[in-house]
>>> print(open('upload.csv').read())   # CSV, C-alpha atoms
chain,number,residue,atom,x,y,z
A,24,MET,CA,0.0,0.0,0.0
A,25,LYS,CA,2.9,2.4,0.9
A,26,SER,CA,4.6,1.8,-2.5
A,27,GLU,CA,1.3,2.6,-4.2
A,28,ASP,CA,1.1,5.9,-2.3
A,29,THR,CA,4.7,6.7,-3.2
A,30,ILE,CA,4.0,6.0,-6.9
A,31,ALA,CA,0.8,8.1,-6.8
A,32,LYS,CA,2.7,11.1,-5.2
A,33,LYS,CA,5.4,10.9,-7.9
A,34,ILE,CA,2.7,10.8,-10.7
A,35,VAL,CA,1.0,13.9,-9.1
A,36,GLU,CA,4.4,15.7,-9.0
A,37,VAL,CA,5.1,14.9,-12.6
A,38,LEU,CA,1.6,16.0,-13.7
A,39,ASP,CA,1.8,19.2,-11.6
A,40,ALA,CA,5.2,20.0,-13.1
A,41,GLY,CA,3.7,19.5,-16.6
A,42,ALA,CA,0.8,21.7,-15.8
A,43,ARG,CA,3.1,24.5,-14.5
A,44,SER,CA,5.1,24.4,-17.8
A,45,VAL,CA,2.0,25.0,-19.9
A,46,ASP,CA,2.0,28.6,-21.3
A,47,ALA,CA,-0.9,31.0,-20.6
A,48,SER,CA,-2.6,30.8,-24.0
A,49,THR,CA,-2.6,27.0,-24.0
A,50,ALA,CA,-4.0,27.0,-20.5
A,51,SER,CA,-6.7,29.4,-21.5
A,52,ARG,CA,-7.7,27.2,-24.5
A,53,LEU,CA,-7.7,24.1,-22.3
A,54,ALA,CA,-9.9,25.7,-19.8
A,55,ASP,CA,-12.3,26.9,-22.5
A,56,ALA,CA,-12.4,23.4,-24.0
A,57,ARG,CA,-13.2,21.9,-20.6
A,58,ARG,CA,-16.1,24.4,-20.1
A,59,ARG,CA,-17.6,23.4,-23.4
A,60,ALA,CA,-17.2,19.7,-22.7
A,61,VAL,CA,-18.9,20.1,-19.3
A,62,SER,CA,-21.8,22.1,-20.7
A,63,ALA,CA,-22.3,19.6,-23.5
A,64,MET,CA,-22.7,16.7,-21.0
A,65,SER,CA,-26.2,15.4,-20.5
A,66,PRO,CA,-27.6,15.6,-17.0
A,67,PRO,CA,-27.0,12.5,-14.8
A,68,GLN,CA,-29.6,9.8,-15.2
A,69,VAL,CA,-31.7,9.3,-12.1
A,70,ALA,CA,-34.3,6.5,-11.9
A,71,GLN,CA,-37.9,7.5,-11.6
A,72,VAL,CA,-39.3,6.6,-8.2
A,73,SER,CA,-42.8,7.0,-6.9
A,74,PRO,CA,-43.4,9.6,-4.2
A,75,VAL,CA,-44.1,6.9,-1.7
A,76,VAL,CA,-40.8,5.1,-2.4
A,77,ALA,CA,-38.9,8.3,-2.6
A,78,GLY,CA,-40.2,9.0,0.9
A,79,TRP,CA,-37.9,6.3,2.2
A,80,GLY,CA,-35.1,8.8,1.8
A,81,ARG,CA,-31.6,8.3,0.7
A,82,VAL,CA,-31.7,4.5,0.8
A,83,VAL,CA,-33.6,4.4,-2.5
A,84,GLU,CA,-31.5,7.0,-4.2
A,85,PHE,CA,-30.0,4.6,-6.7
A,86,SER,CA,-29.0,4.7,-10.3
A,87,HIS,CA,-30.0,2.3,-13.1
A,88,HIS,CA,-26.6,0.7,-12.7
A,89,GLY,CA,-26.6,0.1,-9.0
A,90,GLY,CA,-30.3,-0.5,-8.2
A,91,TYR,CA,-30.2,-4.2,-8.2
A,92,ARG,CA,-27.7,-4.2,-5.4
A,93,PHE,CA,-30.5,-3.0,-3.1
A,94,TRP,CA,-33.5,-4.7,-4.6
A,95,LEU,CA,-32.2,-8.2,-5.5
A,96,PRO,CA,-31.4,-9.3,-1.9
A,97,LEU,CA,-34.6,-7.7,-0.7
A,98,LEU,CA,-36.6,-9.7,-3.3
A,99,VAL,CA,-34.8,-12.9,-2.4
A,100,LEU,CA,-35.5,-12.3,1.3
A,101,LEU,CA,-39.2,-11.6,0.6
A,102,ALA,CA,-39.5,-14.8,-1.5
A,103,ALA,CA,-37.8,-16.9,1.2
A,104,LEU,CA,-40.2,-15.4,3.8
A,105,ALA,CA,-43.2,-16.2,1.6
A,106,MET,CA,-42.0,-19.8,1.2
A,107,ALA,CA,-41.4,-20.2,4.9
A,108,LEU,CA,-44.8,-18.8,5.8
A,109,GLY,CA,-46.5,-20.8,3.1
A,110,SER,CA,-45.1,-24.1,4.5
A,111,SER,CA,-45.9,-23.2,8.1
A,112,MET,CA,-49.5,-22.3,7.3
A,113,GLY,CA,-50.0,-25.6,5.4
A,114,ILE,CA,-50.8,-23.9,2.1
A,115,ARG,CA,-49.5,-27.0,0.2
A,116,ASN,CA,-52.7,-28.9,0.4
A,117,ASP,CA,-52.0,-30.7,-2.8
A,118,ARG,CA,-49.2,-32.8,-1.2
A,119,PRO,CA,-50.0,-36.4,-0.3
A,120,ILE,CA,-50.8,-37.3,3.3
A,121,ASP,CA,-47.8,-37.8,5.5
A,122,ALA,CA,-46.6,-41.4,5.7
A,123,ASP,CA,-46.7,-41.4,9.5
A,124,ALA,CA,-50.2,-40.1,9.4
A,125,LEU,CA,-51.2,-42.9,7.1
A,126,LEU,CA,-49.5,-45.5,9.2
A,127,LEU,CA,-51.3,-44.3,12.4
A,128,ALA,CA,-54.6,-44.3,10.6
A,129,SER,CA,-54.2,-47.7,9.1
A,130,GLU,CA,-56.3,-50.7,10.2
A,131,LEU,CA,-53.3,-52.4,11.8
A,132,PRO,CA,-51.9,-50.5,14.8
A,133,PRO,CA,-48.2,-49.4,14.7
A,134,GLU,CA,-47.3,-52.2,17.1
A,135,ALA,CA,-48.1,-54.7,14.4
A,136,TYR,CA,-45.4,-53.1,12.2
A,137,ALA,CA,-42.9,-52.5,15.0
A,138,ASP,CA,-43.3,-55.8,16.8
A,139,LYS,CA,-40.5,-58.2,15.9
A,140,GLU,CA,-42.1,-61.0,17.8
A,141,PHE,CA,-45.2,-60.7,15.6
A,142,VAL,CA,-42.9,-61.1,12.6
A,143,ALA,CA,-41.2,-64.1,14.2
A,144,TRP,CA,-44.7,-65.5,15.0
A,145,LEU,CA,-45.7,-65.1,11.4
A,146,GLU,CA,-42.6,-67.0,10.3
A,147,GLN,CA,-43.3,-69.7,12.8
A,148,SER,CA,-47.0,-70.0,12.1
A,149,SER,CA,-46.4,-70.2,8.3
A,150,HIS,CA,-44.3,-73.3,8.9
A,151,LEU,CA,-46.7,-75.1,11.2
B,24,MET,CA,-22.8,-9.0,-8.7
B,25,VAL,CA,-21.1,-12.0,-7.1
B,26,ARG,CA,-21.2,-10.3,-3.7
B,27,THR,CA,-24.9,-9.6,-4.3
B,28,ILE,CA,-25.7,-13.2,-5.0
B,29,ILE,CA,-23.7,-14.4,-2.0
B,30,ALA,CA,-25.5,-11.9,0.2
B,31,SER,CA,-28.9,-13.1,-1.1
B,32,VAL,CA,-28.1,-16.8,-0.6
B,33,THR,CA,-26.9,-16.0,2.9
B,34,LEU,CA,-30.1,-14.2,3.7
B,35,TRP,CA,-32.2,-17.0,2.3
B,36,CYS,CA,-30.2,-19.6,4.4
B,37,ALA,CA,-30.6,-17.5,7.5
B,38,VAL,CA,-34.4,-17.4,7.0
B,39,VAL,CA,-34.6,-21.2,6.4
B,40,VAL,CA,-32.4,-22.1,9.4
B,41,ALA,CA,-34.3,-19.7,11.6
B,42,HIS,CA,-37.6,-21.2,10.5
B,43,ALA,CA,-36.3,-24.8,10.9
B,44,GLY,CA,-35.3,-24.3,14.5
B,45,ASP,CA,-38.6,-22.6,15.4
B,46,GLU,CA,-40.5,-25.6,16.7
B,47,PRO,CA,-43.5,-24.4,18.7
B,48,ARG,CA,-44.1,-25.1,22.4
B,49,TRP,CA,-47.5,-26.5,23.4
B,50,ALA,CA,-48.7,-23.0,24.4
B,51,GLN,CA,-47.8,-21.7,20.9
B,52,LEU,CA,-49.9,-24.3,19.0
B,53,THR,CA,-53.1,-23.3,17.3
B,54,ASP,CA,-56.4,-24.5,18.8
B,55,GLU,CA,-56.8,-27.0,15.9
B,56,GLN,CA,-53.3,-28.4,16.5
B,57,ARG,CA,-53.9,-28.7,20.2
B,58,GLN,CA,-57.1,-30.5,19.6
B,59,VAL,CA,-55.5,-33.1,17.3
B,60,LEU,CA,-52.4,-33.5,19.4
B,61,ALA,CA,-54.2,-33.5,22.8
B,62,PRO,CA,-52.9,-37.0,23.7
B,63,LEU,CA,-49.4,-35.5,23.6
B,64,SER,CA,-50.2,-32.4,25.7
B,65,ALA,CA,-48.3,-33.6,28.8
B,66,GLU,CA,-45.1,-34.6,26.9
B,67,TRP,CA,-45.2,-32.2,24.0
B,68,ASP,CA,-42.6,-29.8,25.4
B,69,THR,CA,-40.2,-32.6,26.0
B,70,LEU,CA,-40.4,-34.0,22.5
B,71,ARG,CA,-37.3,-33.5,20.3
B,72,PRO,CA,-37.7,-30.8,17.5
B,73,TRP,CA,-37.9,-33.4,14.7
B,74,GLN,CA,-40.6,-35.4,16.7
B,75,ARG,CA,-42.7,-32.2,17.0
B,76,GLU,CA,-42.2,-31.6,13.3
B,77,LYS,CA,-43.5,-35.1,12.4
B,78,MET,CA,-46.4,-34.7,14.8
B,79,LEU,CA,-47.3,-31.3,13.3
B,80,ASP,CA,-47.3,-33.0,9.9
B,81,ILE,CA,-49.8,-35.5,11.2
B,82,ALA,CA,-51.9,-32.7,12.7
B,83,ARG,CA,-51.8,-30.9,9.3
B,84,ASP,CA,-53.1,-33.9,7.4
B,85,TYR,CA,-55.7,-34.8,10.1
B,86,PRO,CA,-58.6,-32.9,8.7
B,87,ARG,CA,-58.2,-34.8,5.4
B,88,MET,CA,-58.9,-38.2,7.1
B,89,SER,CA,-62.2,-40.0,7.6
B,90,GLY,CA,-63.7,-40.0,11.1
B,91,GLU,CA,-62.6,-43.5,11.7
B,92,GLN,CA,-59.0,-42.7,10.7
B,93,GLN,CA,-59.0,-39.7,13.0
B,94,GLN,CA,-60.1,-41.8,15.9
B,95,ARG,CA,-57.3,-44.3,15.2
B,96,VAL,CA,-54.7,-41.5,15.0
B,97,GLN,CA,-55.7,-39.9,18.3
B,98,LYS,CA,-55.7,-43.3,20.0
B,99,ARG,CA,-52.2,-44.2,18.8
B,100,LEU,CA,-50.4,-40.9,18.9
B,101,SER,CA,-49.1,-41.3,22.4
B,102,ASP,CA,-47.7,-44.8,21.9
B,103,TRP,CA,-46.2,-43.8,18.6
B,104,SER,CA,-44.3,-40.9,20.1
B,105,ARG,CA,-42.8,-43.2,22.7
B,106,LEU,CA,-41.3,-45.6,20.2
B,107,THR,CA,-37.6,-45.1,19.6
B,108,PRO,CA,-36.5,-43.6,16.2
B,109,TYR,CA,-35.2,-47.0,15.3
B,110,GLU,CA,-38.5,-48.7,16.0
B,111,ARG,CA,-40.4,-46.0,14.1
B,112,GLU,CA,-38.2,-46.4,11.1
B,113,GLY,CA,-38.7,-50.2,11.2
B,114,ALA,CA,-42.4,-49.8,11.4
B,115,ARG,CA,-42.4,-47.4,8.4
B,116,LYS,CA,-40.6,-50.0,6.4
B,117,GLN,CA,-42.9,-52.8,7.4
B,118,TYR,CA,-45.9,-50.5,6.6
B,119,GLN,CA,-44.6,-49.8,3.1
B,120,GLN,CA,-44.2,-53.5,2.5
B,121,PHE,CA,-47.7,-54.1,3.9
B,122,ARG,CA,-49.2,-51.5,1.5
B,123,SER,CA,-47.5,-53.2,-1.5
B,124,LEU,CA,-49.2,-56.5,-0.7
B,125,PRO,CA,-52.4,-57.5,-2.6
B,126,PRO,CA,-55.7,-56.8,-0.7
B,127,GLU,CA,-56.3,-60.5,0.2
B,128,LYS,CA,-52.8,-60.8,1.6
B,129,GLN,CA,-53.3,-57.6,3.7
B,130,GLU,CA,-56.6,-59.1,5.0
B,131,GLU,CA,-54.8,-62.3,6.0
B,132,LEU,CA,-52.2,-60.3,7.9
B,133,ARG,CA,-54.9,-58.3,9.7
B,134,ARG,CA,-56.5,-61.7,10.7
B,135,LYS,CA,-53.1,-63.0,11.9
B,136,TRP,CA,-52.6,-59.8,13.9
B,137,ARG,CA,-55.9,-60.3,15.7
B,138,GLU,CA,-54.9,-63.9,16.4
B,139,TYR,CA,-51.5,-62.9,17.7
B,140,SER,CA,-53.0,-60.1,19.9
B,141,LYS,CA,-55.0,-62.8,21.7
B,142,LEU,CA,-51.9,-64.7,22.7
B,143,SER,CA,-51.2,-64.6,26.5
B,144,GLU,CA,-47.9,-63.2,27.8
B,145,ALA,CA,-46.8,-66.7,28.6
B,146,GLU,CA,-47.4,-67.8,25.1
B,147,ARG,CA,-45.5,-64.9,23.8
B,148,ARG,CA,-42.6,-65.6,26.2
B,149,LYS,CA,-42.6,-69.2,24.9
B,150,LEU,CA,-42.4,-67.8,21.4
B,151,ARG,CA,-39.5,-65.5,22.3
B,152,ASP,CA,-37.5,-68.4,23.8
B,153,ALA,CA,-38.2,-70.7,20.8
B,154,PRO,CA,-35.3,-71.1,18.4
B,155,PRO,CA,-35.7,-69.1,15.2
B,156,ALA,CA,-37.4,-71.0,12.4
B,157,PRO,CA,-35.3,-71.4,9.2
B,158,ALA,CA,-37.9,-69.5,7.2
B,159,PRO,CA,-36.8,-68.0,3.9
B,160,GLU,CA,-39.4,-65.2,3.8
B,161,ASP,CA,-42.3,-64.0,5.9
B,162,ASP,CA,-45.6,-62.6,4.9
B,163,LEU,CA,-44.3,-59.0,5.3
B,164,GLY,CA,-41.7,-59.8,2.7
B,165,ASN,CA,-38.7,-60.0,5.0
>>> encode(input="upload.csv", output="structure tokens")
Amino acid sequence: MKSEDTIAKKIVEVLDAGARSVDASTASRLADARRRAVSAMSPPQVAQVSPVVAGWGRVVEFSHHGGYRFWLPLLVLLAALAMALGSSMGIRNDRPIDADALLLASELPPEAYADKEFVAWLEQSSHL
Amino acid sequence: MVRTIIASVTLWCAVVVAHAGDEPRWAQLTDEQRQVLAPLSAEWDTLRPWQREKMLDIARDYPRMSGEQQQRVQKRLSDWSRLTPYEREGARKQYQQFRSLPPEKQEELRRKWREYSKLSEAERRKLRDAPPAPAPEDDLGN
């Protein structure tokens, strides 16, 4: 970082020395050209925002080039919140009934499926 | 642009993780959820987060069941929550196999379960102590 600063200072010194060596008429013509160039520039482009949004203040003062930096994360956050709320409120009614719910509601009780002795008994009885 | 995408993904992950860890306590359940999960009221706050999540899934699907199914679910909820994760996983696998059987085979298994349920504890102990039969495959497909 220090070497960058040193190089920058040297560049400034060289440019200043060059500027001092310019004669008065050339300096006057350069200044005139600069004024003309500045006055020919179009005004800076500012995005149109609604009065309500503009009321948020400086946060929404963005250009066309930098607007997404603010809005994209916000949109992603809102989408994630909507998904989380949707799942917690059971909006997905089209999904099939949960496997555990079906198991508990079946004619055989859960013990019939979990009882290893029953399975062993099935094996034994099928060979009697 | 890359930093924006990283920031967006981080925000999304934060929301998902925050939501995943937000399992409600009994007092935070809705009236409908409390009604369905009433058999678990005493032990709800001691259930692990994933157990609560599974129970909430059951409560969510409860209104879509017939009256008879709803009665069965309420009657079995408490016992189901007391099974170990290993037992529950085993039961799920057996249930999947049961569902894949033809209706007549399912009916036969239901009949055998009724028969087995009538065995006394002494008969079941005798069964436990008996040497395993060299059976190639049982009715549940094992």
>>> closest_residue(input="upload.csv", among="A:Val99, A:Ala54, A:Ala40, A:Ala105", to="chain B", atoms="only C-alpha atoms")
A:Val99
>>> atom_distance(input="upload.csv", atom1="atom CA of B:Glu110", atom2="atom CA of B:Gln92")
22.0 Å
>>> closest_residue(input="upload.csv", among="B:Leu124, B:Leu52, B:Val96, B:Ala61", to="chain A", atoms="only C-alpha atoms")
B:Val96
>>> closest_atom_pairs(input="upload.csv", of="chain A", to="chain B", cutoff="10 Å", atoms="only C-alpha atoms", output="JSON lines")
{"residue": "A:Gly89", "atom": "CA", "partner": "B:Met24", "partner_atom": "CA", "distance": 9.9}
{"residue": "A:Tyr91", "atom": "CA", "partner": "B:Thr27", "partner_atom": "CA", "distance": 8.5}
{"residue": "A:Arg92", "atom": "CA", "partner": "B:Thr27", "partner_atom": "CA", "distance": 6.2}
{"residue": "A:Phe93", "atom": "CA", "partner": "B:Thr27", "partner_atom": "CA", "distance": 8.7}
{"residue": "A:Trp94", "atom": "CA", "partner": "B:Thr27", "partner_atom": "CA", "distance": 9.9}
{"residue": "A:Leu95", "atom": "CA", "partner": "B:Ser31", "partner_atom": "CA", "distance": 7.4}
{"residue": "A:Pro96", "atom": "CA", "partner": "B:Ser31", "partner_atom": "CA", "distance": 4.6}
{"residue": "A:Leu97", "atom": "CA", "partner": "B:Ser31", "partner_atom": "CA", "distance": 7.9}
{"residue": "A:Leu98", "atom": "CA", "partner": "B:Ser31", "partner_atom": "CA", "distance": 8.7}
{"residue": "A:Val99", "atom": "CA", "partner": "B:Ser31", "partner_atom": "CA", "distance": 6.0}
{"residue": "A:Leu100", "atom": "CA", "partner": "B:Trp35", "partner_atom": "CA", "distance": 5.8}
{"residue": "A:Leu101", "atom": "CA", "partner": "B:Trp35", "partner_atom": "CA", "distance": 9.0}
{"residue": "A:Ala102", "atom": "CA", "partner": "B:Trp35", "partner_atom": "CA", "distance": 8.5}
{"residue": "A:Ala103", "atom": "CA", "partner": "B:Trp35", "partner_atom": "CA", "distance": 5.7}
{"residue": "A:Leu104", "atom": "CA", "partner": "B:Val38", "partner_atom": "CA", "distance": 6.9}
{"residue": "A:Met106", "atom": "CA", "partner": "B:Val39", "partner_atom": "CA", "distance": 9.2}
{"residue": "A:Ala107", "atom": "CA", "partner": "B:His42", "partner_atom": "CA", "distance": 6.8}
{"residue": "A:Leu108", "atom": "CA", "partner": "B:His42", "partner_atom": "CA", "distance": 8.9}
{"residue": "A:Ser111", "atom": "CA", "partner": "B:His42", "partner_atom": "CA", "distance": 8.9}
{"residue": "A:Met112", "atom": "CA", "partner": "B:Arg83", "partner_atom": "CA", "distance": 9.1}
{"residue": "A:Gly113", "atom": "CA", "partner": "B:Arg83", "partner_atom": "CA", "distance": 6.8}
{"residue": "A:Asn116", "atom": "CA", "partner": "B:Asp84", "partner_atom": "CA", "distance": 8.6}
{"residue": "A:Arg118", "atom": "CA", "partner": "B:Asp84", "partner_atom": "CA", "distance": 9.5}
{"residue": "A:Pro119", "atom": "CA", "partner": "B:Asp84", "partner_atom": "CA", "distance": 8.7}
{"residue": "A:Ile120", "atom": "CA", "partner": "B:Asp84", "partner_atom": "CA", "distance": 5.8}
{"residue": "A:Asp121", "atom": "CA", "partner": "B:Ile81", "partner_atom": "CA", "distance": 6.5}
{"residue": "A:Ala122", "atom": "CA", "partner": "B:Arg115", "partner_atom": "CA", "distance": 7.8}
{"residue": "A:Asp123", "atom": "CA", "partner": "B:Ile81", "partner_atom": "CA", "distance": 6.9}
{"residue": "A:Ala124", "atom": "CA", "partner": "B:Ile81", "partner_atom": "CA", "distance": 5.0}
{"residue": "A:Leu125", "atom": "CA", "partner": "B:Ile81", "partner_atom": "CA", "distance": 8.6}
{"residue": "A:Leu126", "atom": "CA", "partner": "B:Tyr118", "partner_atom": "CA", "distance": 6.7}
{"residue": "A:Leu127", "atom": "CA", "partner": "B:Val96", "partner_atom": "CA", "distance": 5.1}
{"residue": "A:Ala128", "atom": "CA", "partner": "B:Gln92", "partner_atom": "CA", "distance": 4.7}
{"residue": "A:Ser129", "atom": "CA", "partner": "B:Gln92", "partner_atom": "CA", "distance": 7.1}
{"residue": "A:Glu130", "atom": "CA", "partner": "B:Arg133", "partner_atom": "CA", "distance": 7.7}
{"residue": "A:Leu131", "atom": "CA", "partner": "B:Arg133", "partner_atom": "CA", "distance": 6.5}
{"residue": "A:Pro132", "atom": "CA", "partner": "B:Arg99", "partner_atom": "CA", "distance": 7.5}
{"residue": "A:Pro133", "atom": "CA", "partner": "B:Ala114", "partner_atom": "CA", "distance": 6.7}
{"residue": "A:Glu134", "atom": "CA", "partner": "B:Ala114", "partner_atom": "CA", "distance": 7.9}
{"residue": "A:Ala135", "atom": "CA", "partner": "B:Trp136", "partner_atom": "CA", "distance": 6.8}
{"residue": "A:Tyr136", "atom": "CA", "partner": "B:Ala114", "partner_atom": "CA", "distance": 4.5}
{"residue": "A:Ala137", "atom": "CA", "partner": "B:Ala114", "partner_atom": "CA", "distance": 4.5}
{"residue": "A:Asp138", "atom": "CA", "partner": "B:Ala114", "partner_atom": "CA", "distance": 8.1}
{"residue": "A:Lys139", "atom": "CA", "partner": "B:Gly113", "partner_atom": "CA", "distance": 9.5}
{"residue": "A:Glu140", "atom": "CA", "partner": "B:Arg151", "partner_atom": "CA", "distance": 6.9}
{"residue": "A:Phe141", "atom": "CA", "partner": "B:Tyr139", "partner_atom": "CA", "distance": 7.0}
{"residue": "A:Val142", "atom": "CA", "partner": "B:Asp161", "partner_atom": "CA", "distance": 7.3}
{"residue": "A:Ala143", "atom": "CA", "partner": "B:Pro155", "partner_atom": "CA", "distance": 7.5}
{"residue": "A:Trp144", "atom": "CA", "partner": "B:Leu150", "partner_atom": "CA", "distance": 7.2}
{"residue": "A:Leu145", "atom": "CA", "partner": "B:Asp161", "partner_atom": "CA", "distance": 6.6}
{"residue": "A:Glu146", "atom": "CA", "partner": "B:Asp161", "partner_atom": "CA", "distance": 5.3}
{"residue": "A:Gln147", "atom": "CA", "partner": "B:Ala156", "partner_atom": "CA", "distance": 6.1}
{"residue": "A:Ser148", "atom": "CA", "partner": "B:Lys135", "partner_atom": "CA", "distance": 9.3}
{"residue": "A:Ser149", "atom": "CA", "partner": "B:Asp161", "partner_atom": "CA", "distance": 7.8}
{"residue": "A:His150", "atom": "CA", "partner": "B:Ala158", "partner_atom": "CA", "distance": 7.6}
>>> residues_around(input="upload.csv", residues="B:Trp49", least_positions_apart="4", cutoff="12 Å", atoms="all atoms listed in the file", output="short mmCIF file (atom, residue, chain, number, x, y, z; two decimals) with C-alpha atoms, keeping the file's coordinate frame")
data_model
loop_
_atom_site.label_atom_id
_atom_site.label_comp_id
_atom_site.auth_asym_id
_atom_site.auth_seq_id
_atom_site.Cartn_x
_atom_site.Cartn_y
_atom_site.Cartn_z
CA THR B 53 -53.10 -23.30 17.30
CA ASP B 54 -56.40 -24.50 18.80
CA GLU B 55 -56.80 -27.00 15.90
CA GLN B 56 -53.30 -28.40 16.50
CA ARG B 57 -53.90 -28.70 20.20
CA GLN B 58 -57.10 -30.50 19.60
CA LEU B 60 -52.40 -33.50 19.40
CA ALA B 61 -54.20 -33.50 22.80
CA PRO B 62 -52.90 -37.00 23.70
CA LEU B 63 -49.40 -35.50 23.60
CA SER B 64 -50.20 -32.40 25.70
CA ALA B 65 -48.30 -33.60 28.80
CA GLU B 66 -45.10 -34.60 26.90
CA TRP B 67 -45.20 -32.20 24.00
CA ASP B 68 -42.60 -29.80 25.40
CA THR B 69 -40.20 -32.60 26.00
CA LEU B 70 -40.40 -34.00 22.50
CA ARG B 75 -42.70 -32.20 17.00
CA MET B 78 -46.40 -34.70 14.80
CA LEU B 79 -47.30 -31.30 13.30
#
>>> atom_distance(input="upload.csv", atom1="atom CA of B:Ala50", atom2="atom CA of B:Gln74")
16.7 Å
>>> atom_distance(input="upload.csv", atom1="atom CA of A:Asp39", atom2="atom CA of A:Ser62")
25.5 Å
